[in-house]
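As provided, data_26.pdb (PDB, C-alpha atoms) reads as follows.
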```pdb
ATOM      1  CA  ARG A   1     -12.139 252.291-108.196  1.00  0.00           C
ATOM      2  CA  PHE A   2     -12.680 249.388-105.882  1.00  0.00           C
ATOM      3  CA  HIS A   3     -12.667 245.985-107.528  1.00  0.00           C
ATOM      4  CA  SER A   4     -14.890 243.257-106.063  1.00  0.00           C
ATOM      5  CA  LEU A   5     -13.652 239.672-106.153  1.00  0.00           C
ATOM      6  CA  LEU A   6     -17.056 238.314-107.143  1.00  0.00           C
ATOM      7  CA  SER A   7     -20.494 239.778-107.867  1.00  0.00           C
ATOM      8  CA  ALA A   8     -22.549 240.403-104.727  1.00  0.00           C
ATOM      9  CA  SER A   9     -25.878 238.939-103.701  1.00  0.00           C
ATOM     10  CA  VAL A  10     -27.864 238.167-100.606  1.00  0.00           C
ATOM     11  CA  ARG A  11     -30.641 235.630-100.817  1.00  0.00           C
ATOM     12  CA  GLY A  12     -32.929 233.987 -98.292  1.00  0.00           C
ATOM     13  CA  TRP A  13     -34.779 230.701 -98.421  1.00  0.00           C
ATOM     14  CA  HIS A  14     -36.077 228.158 -95.931  1.00  0.00           C
ATOM     15  CA  ASN A  15     -33.777 225.502 -94.539  1.00  0.00           C
ATOM     16  CA  GLN A  16     -33.830 223.145 -91.566  1.00  0.00           C
ATOM     17  CA  PRO A  17     -31.927 224.142 -88.406  1.00  0.00           C
ATOM     18  CA  SER A  18     -28.797 222.267 -87.501  1.00  0.00           C
ATOM     19  CA  GLU A  19     -28.727 219.936 -84.484  1.00  0.00           C
ATOM     20  CA  GLY A  20     -26.251 218.338 -82.135  1.00  0.00           C
ATOM     21  CA  PHE A  21     -24.312 221.332 -80.827  1.00  0.00           C
ATOM     22  CA  LYS A  22     -22.018 221.101 -77.809  1.00  0.00           C
ATOM     23  CA  PRO A  23     -20.733 224.025 -75.724  1.00  0.00           C
ATOM     24  CA  SER A  24     -17.143 225.147 -75.622  1.00  0.00           C
ATOM     25  CA  GLU A  25     -15.427 227.317 -73.070  1.00  0.00           C
ATOM     26  CA  GLY A  26     -12.905 230.129 -72.899  1.00  0.00           C
ATOM     27  CA  LEU A  27     -13.792 231.822 -76.188  1.00  0.00           C
ATOM     28  CA  ASN A  28     -15.338 235.025 -74.904  1.00  0.00           C
ATOM     29  CA  ARG A  29     -14.640 237.249 -71.920  1.00  0.00           C
ATOM     30  CA  THR A  30     -17.724 239.126 -70.714  1.00  0.00           C
ATOM     31  CA  LYS A  31     -17.406 242.823 -69.970  1.00  0.00           C
ATOM     32  CA  MET A  32     -18.254 242.624 -66.297  1.00  0.00           C
ATOM     33  CA  GLY A  33     -20.282 245.442 -64.839  1.00  0.00           C
ATOM     34  CA  VAL A  34     -21.477 246.835 -68.170  1.00  0.00           C
ATOM     35  CA  LYS A  35     -24.923 248.293 -67.695  1.00  0.00           C
ATOM     36  CA  ASP A  36     -27.731 246.365 -69.396  1.00  0.00           C
ATOM     37  CA  ALA A  37     -25.336 244.072 -71.265  1.00  0.00           C
ATOM     38  CA  MET A  38     -27.103 241.390 -73.308  1.00  0.00           C
ATOM     39  CA  LYS A  39     -25.806 237.953 -74.207  1.00  0.00           C
ATOM     40  CA  TYR A  40     -26.244 236.417 -77.641  1.00  0.00           C
ATOM     41  CA  THR A  41     -25.612 232.726 -78.251  1.00  0.00           C
ATOM     42  CA  PHE A  42     -24.496 231.325 -81.595  1.00  0.00           C
ATOM     43  CA  ASN A  43     -24.771 227.563 -82.084  1.00  0.00           C
ATOM     44  CA  ILE A  44     -22.391 226.883 -84.954  1.00  0.00           C
ATOM     45  CA  ALA A  45     -22.214 223.939 -87.333  1.00  0.00           C
ATOM     46  CA  ALA A  46     -18.856 224.190 -89.093  1.00  0.00           C
ATOM     47  CA  GLU A  47     -15.670 222.222 -89.525  1.00  0.00           C
ATOM     48  CA  HIS A  48     -12.785 223.211 -87.247  1.00  0.00           C
ATOM     49  CA  ILE A  49     -14.835 225.833 -85.350  1.00  0.00           C
ATOM     50  CA  PRO A  50     -16.206 225.169 -81.834  1.00  0.00           C
ATOM     51  CA  PRO A  51     -19.970 224.591 -81.762  1.00  0.00           C
ATOM     52  CA  LYS A  52     -20.933 227.413 -79.417  1.00  0.00           C
ATOM     53  CA  LEU A  53     -20.010 231.075 -79.048  1.00  0.00           C
ATOM     54  CA  VAL A  54     -21.542 233.534 -76.579  1.00  0.00           C
ATOM     55  CA  LEU A  55     -21.068 237.250 -77.214  1.00  0.00           C
ATOM     56  CA  THR A  56     -21.992 240.044 -74.830  1.00  0.00           C
ATOM     57  CA  LYS A  57     -23.387 243.266 -76.293  1.00  0.00           C
ATOM     58  CA  ALA A  58     -22.873 246.379 -74.203  1.00  0.00           C
ATOM     59  CA  GLU A  59     -25.641 248.953 -73.943  1.00  0.00           C
ATOM     60  CA  SER A  60     -23.854 251.336 -76.312  1.00  0.00           C
ATOM     61  CA  GLU A  61     -22.856 248.661 -78.833  1.00  0.00           C
ATOM     62  CA  SER A  62     -24.859 248.217 -82.024  1.00  0.00           C
ATOM     63  CA  GLU A  63     -26.119 244.879 -83.259  1.00  0.00           C
ATOM     64  CA  GLY A  64     -24.199 245.567 -86.461  1.00  0.00           C
ATOM     65  CA  HIS A  65     -20.930 245.681 -84.529  1.00  0.00           C
ATOM     66  CA  LEU A  66     -21.867 242.483 -82.710  1.00  0.00           C
ATOM     67  CA  MET A  67     -22.513 240.785 -86.054  1.00  0.00           C
ATOM     68  CA  LEU A  68     -19.156 241.950 -87.444  1.00  0.00           C
ATOM     69  CA  LYS A  69     -17.429 240.362 -84.440  1.00  0.00           C
ATOM     70  CA  PHE A  70     -19.283 237.119 -85.047  1.00  0.00           C
ATOM     71  CA  LEU A  71     -18.406 237.079 -88.757  1.00  0.00           C
ATOM     72  CA  SER A  72     -14.775 237.877 -87.950  1.00  0.00           C
ATOM     73  CA  TYR A  73     -14.726 234.984 -85.490  1.00  0.00           C
ATOM     74  CA  LEU A  74     -15.811 232.640 -88.287  1.00  0.00           C
ATOM     75  CA  LEU A  75     -13.391 234.095 -90.842  1.00  0.00           C
ATOM     76  CA  TYR A  76     -10.284 234.220 -88.671  1.00  0.00           C
ATOM     77  CA  TYR A  77     -10.878 231.411 -86.210  1.00  0.00           C
ATOM     78  CA  ARG A  78      -7.766 229.728 -84.902  1.00  0.00           C
ATOM     79  CA  PRO A  79      -7.123 227.950 -81.598  1.00  0.00           C
ATOM     80  CA  GLY A  80      -6.853 230.387 -78.713  1.00  0.00           C
ATOM     81  CA  ILE A  81      -8.947 233.136 -80.288  1.00  0.00           C
ATOM     82  CA  LYS A  82     -10.695 235.413 -77.771  1.00  0.00           C
ATOM     83  CA  VAL A  83     -13.401 238.026 -78.208  1.00  0.00           C
ATOM     84  CA  GLU A  84     -13.334 241.311 -76.251  1.00  0.00           C
ATOM     85  CA  TYR A  85     -10.338 240.088 -74.249  1.00  0.00           C
ATOM     86  CA  ARG A  86      -8.200 242.665 -72.470  1.00  0.00           C
ATOM     87  CA  ILE A  87      -4.481 242.539 -73.265  1.00  0.00           C
ATOM     88  CA  GLU A  88      -1.458 244.377 -71.891  1.00  0.00           C
ATOM     89  CA  GLN A  89      -1.648 247.266 -74.343  1.00  0.00           C
ATOM     90  CA  HIS A  90      -3.291 250.667 -74.231  1.00  0.00           C
ATOM     91  CA  PHE A  91      -5.637 249.877 -77.119  1.00  0.00           C
ATOM     92  CA  GLN A  92      -7.829 246.774 -77.083  1.00  0.00           C
ATOM     93  CA  PRO A  93      -8.927 244.535 -79.997  1.00  0.00           C
ATOM     94  CA  ASP A  94     -12.314 243.047 -80.791  1.00  0.00           C
ATOM     95  CA  LEU A  95     -10.691 239.652 -81.399  1.00  0.00           C
ATOM     96  CA  ILE A  96      -7.221 238.510 -80.410  1.00  0.00           C
ATOM     97  CA  VAL A  97      -4.890 235.522 -80.485  1.00  0.00           C
ATOM     98  CA  GLU A  98      -1.846 235.806 -78.243  1.00  0.00           C
ATOM     99  CA  GLY A  99       1.462 234.048 -78.750  1.00  0.00           C
ATOM    100  CA  ASP A 100       4.590 233.765 -76.630  1.00  0.00           C
ATOM    101  CA  ASN A 101       5.049 236.460 -73.992  1.00  0.00           C
ATOM    102  CA  PHE A 102       1.446 237.541 -74.622  1.00  0.00           C
ATOM    103  CA  GLN A 103       2.378 239.186 -77.912  1.00  0.00           C
ATOM    104  CA  PRO A 104      -0.547 239.319 -80.366  1.00  0.00           C
ATOM    105  CA  LEU A 105      -0.455 237.006 -83.354  1.00  0.00           C
ATOM    106  CA  LEU A 106      -3.895 238.042 -84.596  1.00  0.00           C
ATOM    107  CA  TRP A 107      -5.643 241.383 -84.059  1.00  0.00           C
ATOM    108  CA  VAL A 108      -9.105 242.140 -85.456  1.00  0.00           C
ATOM    109  CA  ASP A 109     -10.952 245.435 -85.104  1.00  0.00           C
ATOM    110  CA  CYS A 110     -14.531 245.789 -86.353  1.00  0.00           C
ATOM    111  CA  GLY A 111     -16.667 248.789 -87.198  1.00  0.00           C
ATOM    112  CA  ASN A 112     -15.478 252.213 -86.058  1.00  0.00           C
ATOM    113  CA  THR A 113     -11.742 252.119 -85.373  1.00  0.00           C
ATOM    114  CA  THR A 114      -9.979 255.442 -84.969  1.00  0.00           C
ATOM    115  CA  LEU A 115      -7.000 256.056 -87.224  1.00  0.00           C
ATOM    116  CA  LYS A 116      -4.948 256.932 -84.158  1.00  0.00           C
ATOM    117  CA  LYS A 117      -5.658 253.501 -82.716  1.00  0.00           C
ATOM    118  CA  LEU A 118      -4.828 251.712 -85.956  1.00  0.00           C
ATOM    119  CA  ASP A 119      -1.584 253.676 -86.313  1.00  0.00           C
ATOM    120  CA  LYS A 120      -0.466 252.685 -82.801  1.00  0.00           C
ATOM    121  CA  VAL A 121      -1.519 249.041 -83.230  1.00  0.00           C
ATOM    122  CA  ALA A 122       0.249 248.682 -86.592  1.00  0.00           C
ATOM    123  CA  THR A 123       3.397 250.358 -85.240  1.00  0.00           C
ATOM    124  CA  LYS A 124       3.622 248.316 -82.051  1.00  0.00           C
ATOM    125  CA  ASN A 125       2.718 244.834 -83.340  1.00  0.00           C
ATOM    126  CA  HIS A 126       5.331 243.911 -85.932  1.00  0.00           C
ATOM    127  CA  HIS A 127       4.621 240.179 -86.195  1.00  0.00           C
ATOM    128  CA  CYS A 128       0.849 240.187 -86.065  1.00  0.00           C
ATOM    129  CA  ASP A 129      -1.924 239.630 -88.617  1.00  0.00           C
ATOM    130  CA  ILE A 130      -4.003 242.815 -88.343  1.00  0.00           C
ATOM    131  CA  TYR A 131      -7.477 243.066 -89.866  1.00  0.00           C
ATOM    132  CA  ILE A 132      -9.941 245.940 -90.088  1.00  0.00           C
ATOM    133  CA  VAL A 133     -13.464 244.685 -90.792  1.00  0.00           C
ATOM    134  CA  LYS A 134     -16.115 247.039 -92.171  1.00  0.00           C
ATOM    135  CA  GLU A 135     -19.747 246.428 -92.991  1.00  0.00           C
ATOM    136  CA  ASN A 136     -19.788 247.546 -96.634  1.00  0.00           C
ATOM    137  CA  GLU A 137     -17.726 248.928 -99.486  1.00  0.00           C
ATOM    138  CA  TYR A 138     -18.500 252.597 -98.876  1.00  0.00           C
ATOM    139  CA  GLN A 139     -17.365 252.447 -95.241  1.00  0.00           C
ATOM    140  CA  LEU A 140     -14.204 250.605 -96.208  1.00  0.00           C
ATOM    141  CA  ARG A 141     -13.348 252.883 -99.126  1.00  0.00           C
ATOM    142  CA  VAL A 142     -13.598 256.066 -97.046  1.00  0.00           C
ATOM    143  CA  TYR A 143     -11.625 254.572 -94.155  1.00  0.00           C
ATOM    144  CA  TYR A 144      -8.919 252.994 -96.312  1.00  0.00           C
ATOM    145  CA  GLN A 145      -8.220 256.205 -98.189  1.00  0.00           C
ATOM    146  CA  LYS A 146      -7.729 258.076 -94.908  1.00  0.00           C
ATOM    147  CA  ALA A 147      -5.611 255.270 -93.445  1.00  0.00           C
ATOM    148  CA  GLN A 148      -3.188 255.420 -96.370  1.00  0.00           C
ATOM    149  CA  LYS A 149      -2.368 259.009 -95.406  1.00  0.00           C
ATOM    150  CA  ARG A 150      -2.427 258.767 -91.607  1.00  0.00           C
ATOM    151  CA  VAL A 151      -1.285 255.238 -90.655  1.00  0.00           C
ATOM    152  CA  LYS A 152       2.519 254.897 -90.849  1.00  0.00           C
ATOM    153  CA  HIS A 153       2.643 251.113 -91.307  1.00  0.00           C
ATOM    154  CA  VAL A 154      -0.566 250.632 -93.243  1.00  0.00           C
ATOM    155  CA  GLU A 155       1.150 247.843 -95.200  1.00  0.00           C
ATOM    156  CA  ARG A 156       0.809 245.638 -92.115  1.00  0.00           C
ATOM    157  CA  VAL A 157      -2.977 245.862 -92.201  1.00  0.00           C
ATOM    158  CA  GLU A 158      -5.572 244.057 -94.306  1.00  0.00           C
ATOM    159  CA  PHE A 159      -8.935 245.772 -94.764  1.00  0.00           C
ATOM    160  CA  ILE A 160     -12.073 243.800 -95.583  1.00  0.00           C
ATOM    161  CA  CYS A 161     -15.794 244.324 -96.042  1.00  0.00           C
ATOM    162  CA  PHE A 162     -18.898 242.460 -97.157  1.00  0.00           C
ATOM    163  CA  ASP A 163     -21.558 243.066 -99.786  1.00  0.00           C
ATOM    164  CA  ASP A 164     -23.741 246.062 -99.040  1.00  0.00           C
ATOM    165  CA  THR A 165     -26.822 244.365 -97.529  1.00  0.00           C
ATOM    166  CA  PHE A 166     -25.219 241.226 -96.102  1.00  0.00           C
ATOM    167  CA  VAL A 167     -24.559 242.361 -92.527  1.00  0.00           C
ATOM    168  CA  SER A 168     -27.804 244.302 -92.188  1.00  0.00           C
ATOM    169  CA  ALA A 169     -29.781 241.277 -93.410  1.00  0.00           C
ATOM    170  CA  LEU A 170     -28.126 239.096 -90.766  1.00  0.00           C
ATOM    171  CA  VAL A 171     -28.870 241.704 -88.100  1.00  0.00           C
ATOM    172  CA  ASP A 172     -32.542 241.619 -89.098  1.00  0.00           C
ATOM    173  CA  SER A 173     -32.536 237.865 -88.385  1.00  0.00           C
ATOM    174  CA  LEU A 174     -30.565 238.126 -85.119  1.00  0.00           C
ATOM    175  CA  ARG A 175     -32.043 236.499 -82.009  1.00  0.00           C
ATOM    176  CA  ARG A 176     -30.765 235.981 -78.498  1.00  0.00           C
ATOM    177  CA  THR A 177     -30.072 232.343 -79.463  1.00  0.00           C
ATOM    178  CA  ASN A 178     -29.025 231.756 -83.077  1.00  0.00           C
ATOM    179  CA  GLU A 179     -28.600 228.595 -85.144  1.00  0.00           C
ATOM    180  CA  VAL A 180     -25.800 228.922 -87.691  1.00  0.00           C
ATOM    181  CA  ARG A 181     -24.549 226.530 -90.345  1.00  0.00           C
ATOM    182  CA  VAL A 182     -21.455 227.504 -92.312  1.00  0.00           C
ATOM    183  CA  ASN A 183     -22.045 226.324 -95.867  1.00  0.00           C
ATOM    184  CA  THR A 184     -18.978 227.853 -97.526  1.00  0.00           C
ATOM    185  CA  LEU A 185     -16.175 229.841 -95.964  1.00  0.00           C
ATOM    186  CA  GLU A 186     -13.242 231.164 -97.975  1.00  0.00           C
ATOM    187  CA  PRO A 187     -11.715 233.947 -95.827  1.00  0.00           C
ATOM    188  CA  SER A 188     -10.347 235.927 -98.743  1.00  0.00           C
ATOM    189  CA  LYS A 189     -13.216 235.339-101.160  1.00  0.00           C
ATOM    190  CA  TYR A 190     -16.679 234.277-100.073  1.00  0.00           C
ATOM    191  CA  VAL A 191     -18.964 233.292 -97.195  1.00  0.00           C
ATOM    192  CA  SER A 192     -22.294 231.442 -97.237  1.00  0.00           C
ATOM    193  CA  LEU A 193     -24.311 230.850 -94.063  1.00  0.00           C
ATOM    194  CA  THR A 194     -27.616 229.380 -93.010  1.00  0.00           C
ATOM    195  CA  PHE A 195     -28.594 231.751 -90.205  1.00  0.00           C
ATOM    196  CA  ASN A 196     -31.799 231.032 -88.277  1.00  0.00           C
ATOM    197  CA  ASP A 197     -33.270 229.029 -91.159  1.00  0.00           C
ATOM    198  CA  GLN A 198     -32.391 231.573 -93.851  1.00  0.00           C
ATOM    199  CA  ASN A 199     -29.472 231.402 -96.262  1.00  0.00           C
ATOM    200  CA  TYR A 200     -27.177 234.378 -96.827  1.00  0.00           C
ATOM    201  CA  GLU A 201     -24.073 234.828 -98.939  1.00  0.00           C
ATOM    202  CA  SER A 202     -21.521 237.519 -99.628  1.00  0.00           C
ATOM    203  CA  THR A 203     -18.253 238.068-101.366  1.00  0.00           C
ATOM    204  CA  ILE A 204     -15.415 239.247 -99.147  1.00  0.00           C
ATOM    205  CA  GLN A 205     -13.846 242.368-100.570  1.00  0.00           C
ATOM    206  CA  ILE A 206     -10.265 243.089 -99.586  1.00  0.00           C
ATOM    207  CA  CYS A 207      -7.747 245.866 -99.909  1.00  0.00           C
ATOM    208  CA  GLY A 208      -4.206 246.029 -98.633  1.00  0.00           C
ATOM    209  CA  THR A 209      -0.635 245.926 -99.820  1.00  0.00           C
ATOM    210  CA  SER A 210      -0.894 242.456-101.327  1.00  0.00           C
ATOM    211  CA  GLN A 211      -4.585 242.625-102.196  1.00  0.00           C
ATOM    212  CA  LEU A 212      -6.992 244.908-104.021  1.00  0.00           C
ATOM    213  CA  LYS A 213      -6.636 248.667-104.074  1.00  0.00           C
ATOM    214  CA  PHE A 214      -8.805 251.755-104.143  1.00  0.00           C
ATOM    215  CA  SER A 215      -7.707 254.151-106.820  1.00  0.00           C
TER     216      SER A 215
END
```
Show this structure as structure tokens.
Amino acid sequence: RFHSLLSASVRGWHNQPSEGFKPSEGLNRTKMGVKDAMKYTFNIAAEHIPPKLVLTKAESESEGHLMLKFLSYLLYYRPGIKVEYRIEQHFQPDLIVEGDNFQPLLWVDCGNTTLKKLDKVATKNHHCDIYIVKENEYQLRVYYQKAQKRVKHVERVEFICFDDTFVSALVDSLRRTNEVRVNTLEPSKYVSLTFNDQNYESTIQICGTSQLKFS
């Protein structure tokens, strides 16, 4: 049984958009040459997070995956974080922070991550915070149970998901340019956002060696 940290809810109500955003640079590397790639801009009002993020969605990428990358950026932001940035390894992350000698300090994979990839990433990167981010509890439960059997160093990985309708509700409100205010952000517990004039909230459900478990 999977234990949630808090009860789940998603609610929407009118709010005023935030103002006064300034651009920042170097946070996202575009996939050059991807056919019909689309750019999405997020103007962010939050403490300690740069006020602008631009993400590029490839033709084959879902808006749900794009939203998981954006949420992961908010949850795990630290200086030097990059989205869709190629590193000197066979497998590539969705989000990365590199340390000395280009060794990853943070690795985030969203959506559909093969168990083979996770096994290799967890084996190779000994001193790295590794996160798997899923959309909802069902996806996470199925994946986590398989990972326990097929990923050798699964103890190095933290697995998270959101309440069942949270990501899909945000996707329904997604525009090419988005106004976002972070109301509450507790990376291991809870997130509350004003996203394009609507408010959304979710618990953050976690499983891993030092966190909650599926049984």
Margin query: Applying the PyMOL selection byres ((chain A and resi 171-182) around 9) to the file I just gave you, which residues come out? Please list them as a ChimeraX atom specification.
Written below: /A:17-19,38-47,63-64,66-67,74,166-170,183-185,191-198
Next item on the list: Kindly indicate which residue among A:Ala147, A:Leu71, A:Ile160, A:Ile132 lies nearest to Cys110 (chain A), using all atoms listed in the file for the distances.
Entry: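 For Cys110 (chain A), the nearest of the given residues is A:Ile132.
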Next item on the list: Measuring atom to atom with all atoms listed in the file, identify which of A:Thr123, A:Thr165, A:Ser202, A:Gln89 is nearest to Val151 (chain A).
Entry: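 Selected residue with least distance to Val151 (chain A): A:Thr123.
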Check: In Å, how far is it from CA of Ile96 (chain A) to CA of Lys189 (chain A)?
Finding: 21.8 Å
Notebook entry, point to check: Mind pulling up the distance from CA of Leu95 (chain A) to CA of Ile81 (chain A)?
Noted result: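 CA of Leu95 (chain A) lies at a distance of 6.8 Å from CA of Ile81 (chain A).
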Margin query: Can you spell out as a list of chain:residue names the set of residues that the PyMOL selection byres ((chain A and resi 85) around 8) selects in the structure I just provided?
Written below: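 Going through the file, the PyMOL selection byres ((chain A and resi 85) around 8) ends up selecting A:Asn28, A:Arg29, A:Lys82, A:Val83, A:Glu84, A:Arg86, A:Ile87, A:Gln92, A:Pro93, A:Asp94, A:Leu95, A:Ile96.
CA of Lys69 (chain A) sits 21.0 Å away from CA of Lys120 (chain A).
Each of A:Lys152, A:Ala58, A:His48, A:Cys161 was checked against Lys117 (chain A) using only C-alpha atoms; the smallest atom-to-atom distance is that of A:Lys152.
Evaluated against the shown file, the PyMOL selection byres ((chain A and resi 138) around 12) gives Arg1, Phe2, Lys134, Glu135, Asn136, Glu137, Gln139, Leu140, Arg141, Val142, Tyr143, Tyr144, Gln145, Ile160, Cys161, Phe162, Asp163, Asp164, Thr165, Gln205 and Phe214 of chain A.
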